[in-house]
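S.K.: Pasting a structure here, questions to come.
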Amino acid sequence: MRFSKRLETIPPYLFAEVDRRIAAKKAAGVDVISFGVGDPDIPTPEPVVEAMVAALADPENHRYPSYYGLDAYRAAASRFMARRFSVEVDPDTQVLSLMGSKEGIAHMALAVLDPGDVALCPEPGYPVYEMGTLLAGAEPCFMPLLEQNGFLPDLDSIPAGKLARARLMWINYPNNPTGAVAGIEFFEKAVDFAASNDIVLCHDNAYSEITYDGFVAPSVLEVDSAMDFAVEFHSLSKTFNMTGWRIGFLAGNEKIVEAIGTVKTNVDSGVFNPIQLAGVEALDEQSQFIEAMRKVYRRRRDLLVDELSSIGWRATRPGGSIYIWLPVPEGFDSVSFSTHVLEKAGVFFTPGNAYGPSGEGYVRLSLTVPDDRILEATDRLREVF
């Protein structure tokens with residue numbers, strides 16, 4: 001039996017392996033406290049669930065959904081962009097419903113890249129930027145995100161040979177996994193860079209609503225002329241604790257939206273209508289939930305950073321996202337430290353090098369752990385170290 005050569009370039013998906021390791025420890029009787037996958041533990045807002053239940057009762061919603069998304073959902077996404085970022089997007093031509101931003105990110109490569117083309121991918125970064133590129137038969141070129149640069153890419157250091165073949169560039173702020181944030185000045189530079197090099201600019205803005213200490217995350221589409229060649233991905237997964245629902249949206253340049261829509265209409269049949277109608281409720285009515293959720297994550301961020309610092313580790317408060325990007329203690333690399341805390345304390349941290357070469361020397365901790373379990377985990381770690 002023979003499989004495609006492209007699969008030989010794809011390692012097992014990071015969090016599938018995380019699940020396997022944790023399941024093995026639990027099967028051995030270990031009470032594992034996992035700071036691994038960023039899967040919110042706070043329930044989806046009840047009115048969103050109620051909207052879903054009501055929509056399920058309508059037999060019309062049991063049929064095929066619209067390939068491009070319900071008019072009502074795309075209109076709600078357009079209203080969200082206008083209310084939150086003062087960005088106007090046409091719901092008919094500049095918004096596309098997604099089964100979560102992950103699938104849209106993966107499909108973007110198929111819409112833009114040919115074999116021999118290059119995608120500029122931040123690293124450490126969300127693995128799907130690279131994996132989507134490889135599945136399209138194209139070549140990823142890493143843009144290292146280094147602490148001394150505030151975890152922003154140095155666009156001037158991209159090799160000229162790679163840049164000449166680049167057709168797509170990914171950026172992501174608030175950032176996964178580093179928790180770094182970027183102001184509008186960075187987005188202006190990214191827009192200028194993409195325009196100068198005829199590159200499609202994609203901003204993964206999945207954590208736009210999870211920021212701290214007064215920082216408000218911008219949209220790349222706020223930049224003048226960005227709409228000419230940029231798109232932005234939004235996800236309801238983290239914003240409204242809807243990870244399992246699989247719903248998000250793409251907004252921006254209508255030609256790019258049309259291109260990814262062509263891919264999607266040939267490989268999926270759209271998002272289940274009741275989920276989209278629940279998404280309308282979330283986008284239009286649940287701003288108070290966002291603020292309450294942000295307070296929970298801020299409290300957990302401060303608690304976890306203080307506890308880790310008390311052990312003697314160099315923990316810093318992220319400006320956004322739901323992650324702590326922790327340098328590993330002296331004497332460890334990313335994998336050995338992650339393995340050590342799992343074996344000795346029953347606590348799991350994701351090795352930073354799983355997100356790219358520049359992640360070596362770090363581990364990522366998710367804030368999707370209740371306060372009491374944070375304290376229990378750090379008590380265990382204090383005993384070990």
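By order in the structure tokens, chains are A, B, ...; within a chain, residues start at 1; ligands start at 1, following the order shown.
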Quick one: everything within 9 Å of Phe142 (chain A), counting only C-alpha atoms, minus sequence neighbours fewer than 2 positions away in the same chain. Send it as a PDB file with C-alpha atoms, in the first residue's frame.
M.R.:
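The result, written out as part-v6.pdb:
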```pdb
ATOM      1  CA  ALA A 119       5.136  30.740   2.767  1.00  0.00           C
ATOM      2  CA  LEU A 120       6.690  32.930   5.460  1.00  0.00           C
ATOM      3  CA  CYS A 121       5.790  31.304   8.787  1.00  0.00           C
ATOM      4  CA  PRO A 122       6.512  32.679  12.260  1.00  0.00           C
ATOM      5  CA  GLU A 123       8.278  30.298  14.600  1.00  0.00           C
ATOM      6  CA  PRO A 124       7.725  29.398  17.296  1.00  0.00           C
ATOM      7  CA  GLU A 130       3.797  25.112   8.344  1.00  0.00           C
ATOM      8  CA  PRO A 140       7.821  27.079   4.580  1.00  0.00           C
ATOM      9  CA  PRO A 144      12.179  33.430  14.057  1.00  0.00           C
ATOM     10  CA  ILE A 158      14.351  37.118   5.458  1.00  0.00           C
ATOM     11  CA  GLY A 356       9.658  25.499  15.873  1.00  0.00           C
TER      12      GLY A 356
END
```
S.K.: Let's see if you can do this: from backbone DSSP, list all strand (DSSP E) residues in region 195-321 of chain A, as a list of chain:residue names.
M.R.: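 Residues meeting the strand (DSSP E) criterion: A:Val200, A:Leu201, A:Cys202, A:His203, A:Asp204, A:Ala230, A:Val231, A:Glu232, A:Phe233, A:His234, A:Ser235, A:Gly248, A:Phe249, A:Leu250, A:Ala251, A:Gly252.
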S.K.: Given the selection you just returned, output its residues as a file containing N, CA and C atoms, formatted as a compact mmCIF listing (two decimals), in the first residue's frame.
M.R.:
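The resulting result-v8.txt:
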```txt
# COMPACT_ATOMS: atom_id res chain seq x y z
N VAL A 200 0.47 37.78 -0.20
CA VAL A 200 -0.80 37.72 0.52
C VAL A 200 -0.50 37.69 2.01
N LEU A 201 -1.08 38.62 2.75
CA LEU A 201 -0.83 38.74 4.19
C LEU A 201 -2.01 38.16 4.96
N CYS A 202 -1.72 37.20 5.84
CA CYS A 202 -2.76 36.55 6.63
C CYS A 202 -2.48 36.77 8.11
N HIS A 203 -3.46 37.34 8.80
CA HIS A 203 -3.32 37.55 10.24
C HIS A 203 -4.25 36.60 10.97
N ASP A 204 -3.68 35.75 11.80
CA ASP A 204 -4.43 34.84 12.67
C ASP A 204 -4.73 35.60 13.96
N ALA A 230 -4.87 41.66 2.16
CA ALA A 230 -4.77 40.99 3.47
C ALA A 230 -6.12 40.41 3.87
N VAL A 231 -6.05 39.35 4.68
CA VAL A 231 -7.24 38.76 5.29
C VAL A 231 -6.92 38.46 6.75
N GLU A 232 -7.98 38.31 7.53
CA GLU A 232 -7.81 38.04 8.95
C GLU A 232 -8.73 36.89 9.35
N PHE A 233 -8.16 35.97 10.15
CA PHE A 233 -8.90 34.82 10.65
C PHE A 233 -9.35 35.09 12.08
N HIS A 234 -10.63 34.82 12.33
CA HIS A 234 -11.18 34.93 13.68
C HIS A 234 -11.81 33.60 14.06
N SER A 235 -11.72 33.28 15.34
CA SER A 235 -12.26 32.03 15.85
C SER A 235 -13.14 32.31 17.05
N GLY A 248 -15.67 29.67 13.04
CA GLY A 248 -14.91 30.90 12.97
C GLY A 248 -15.28 31.63 11.69
N PHE A 249 -14.47 32.62 11.32
CA PHE A 249 -14.74 33.30 10.05
C PHE A 249 -13.47 33.96 9.53
N LEU A 250 -13.48 34.18 8.23
CA LEU A 250 -12.41 34.88 7.53
C LEU A 250 -12.98 36.20 7.03
N ALA A 251 -12.20 37.26 7.14
CA ALA A 251 -12.64 38.58 6.66
C ALA A 251 -11.48 39.28 5.97
N GLY A 252 -11.81 40.03 4.92
CA GLY A 252 -10.77 40.80 4.26
C GLY A 252 -10.96 40.89 2.76
```
S.K.: For Val280 (chain A), list every protein, DNA or RNA residue within 12 Å, evaluated using only C-alpha atoms, and leave out those in the same chain fewer than 4 positions away; present the list as a PyMOL selection string.
M.R.: chain A and resi 47-49+51-52+55+69-80+97+236+240+247-249+273-276+284-286
S.K.: Which residues, written as a list in words, have at least one atom at most 9 Å from region 181-187 of chain A, with only C-alpha atoms counted and residues fewer than 5 positions away on the same chain left out?
M.R.: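 The filter keeps Gly150, Phe151, Leu152, Asn172, Tyr173, Pro174, Asn175, Asp192, Thr211, Phe215, Val216, Ala217, Pro218, Ser219, Val220, Leu221, Glu222, Val223, Pro318, Gly319, Gly320 and Ser321 of chain A.
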S.K.: So that I have them on file, write out the residues from the current selection with C-alpha atoms, as a short mmCIF file (atom, residue, chain, number, x, y, z; two decimals), in the first residue's frame.
M.R.:
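Output below, filename out_22.cif:
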```cif
data_model
loop_
_atom_site.label_atom_id
_atom_site.label_comp_id
_atom_site.auth_asym_id
_atom_site.auth_seq_id
_atom_site.Cartn_x
_atom_site.Cartn_y
_atom_site.Cartn_z
CA GLY A 150 9.74 41.24 21.62
CA PHE A 151 8.80 38.04 19.77
CA LEU A 152 8.20 40.06 16.58
CA ASN A 172 -0.36 36.11 14.74
CA TYR A 173 -0.87 38.62 17.58
CA PRO A 174 -1.76 38.14 20.38
CA ASN A 175 0.66 35.33 19.78
CA ASP A 192 4.07 47.77 3.75
CA THR A 211 -5.49 40.76 26.40
CA PHE A 215 -3.92 46.56 25.97
CA VAL A 216 -6.50 46.31 23.16
CA ALA A 217 -5.45 44.11 20.24
CA PRO A 218 -5.80 45.70 16.79
CA SER A 219 -6.81 44.16 13.48
CA VAL A 220 -4.44 44.20 10.53
CA LEU A 221 -7.43 45.39 8.50
CA GLU A 222 -7.33 48.69 10.41
CA VAL A 223 -4.23 49.62 8.39
CA PRO A 318 2.08 37.77 28.75
CA GLY A 319 0.31 40.73 27.21
CA GLY A 320 -2.30 38.53 25.58
CA SER A 321 -3.49 35.01 24.72
#
```
S.K.: Using only C-alpha atoms, pick whichever of A:Ser66, A:Thr44, A:Asn241, A:Ser358 has the shortest atom-to-atom distance to Thr265 (chain A).
M.R.: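 So, comparing all the options, the nearest one is A:Ser66.
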S.K.: I'd like the neighbourhood of region 328-334 of chain A as a PyMOL selection string, where a residue qualifies if any of its atoms comes within 12 Å (using only C-alpha atoms), though same-chain residues fewer than 5 positions away should be ignored.
M.R.: chain A and resi 308-309+311-315+339-341+348-365+385
S.K.: Hey, which of A:Val257, A:Leu381, A:Ala136, A:Leu146 ends up closest to Val89 (chain A)? Count only C-alpha atoms.
M.R.: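 Answer, going by the shortest atom-to-atom distance: A:Val257.
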S.K.: Among region 200-325 of chain A, which residues carry a DSSP assignment of alpha helix (DSSP H), reported as a PyMOL selection string?
M.R.: chain A and resi 236-239+254-267+273-285+287-311
S.K.: Please list as a PyMOL selection string every residue within 7 Å of Ser366 (chain A), counting only C-alpha atoms and excluding residues in the same chain fewer than 4 positions away.
M.R.: chain A and resi 35-38+322-324
S.K.: Convert the current residue selection to file output with C-alpha atoms, as an mmCIF file, in the first residue's frame.
M.R.:
```cif
data_model
loop_
_atom_site.group_PDB
_atom_site.id
_atom_site.type_symbol
_atom_site.label_atom_id
_atom_site.label_comp_id
_atom_site.auth_asym_id
_atom_site.auth_seq_id
_atom_site.Cartn_x
_atom_site.Cartn_y
_atom_site.Cartn_z
ATOM 1 C CA PHE A 35 -1.128 22.787 31.062
ATOM 2 C CA GLY A 36 -0.916 21.455 27.505
ATOM 3 C CA VAL A 37 -3.738 22.036 25.036
ATOM 4 C CA GLY A 38 -5.378 25.473 25.140
ATOM 5 C CA ILE A 322 -4.009 32.197 27.241
ATOM 6 C CA TYR A 323 -0.388 31.048 27.454
ATOM 7 C CA ILE A 324 2.712 31.463 29.595
#
```
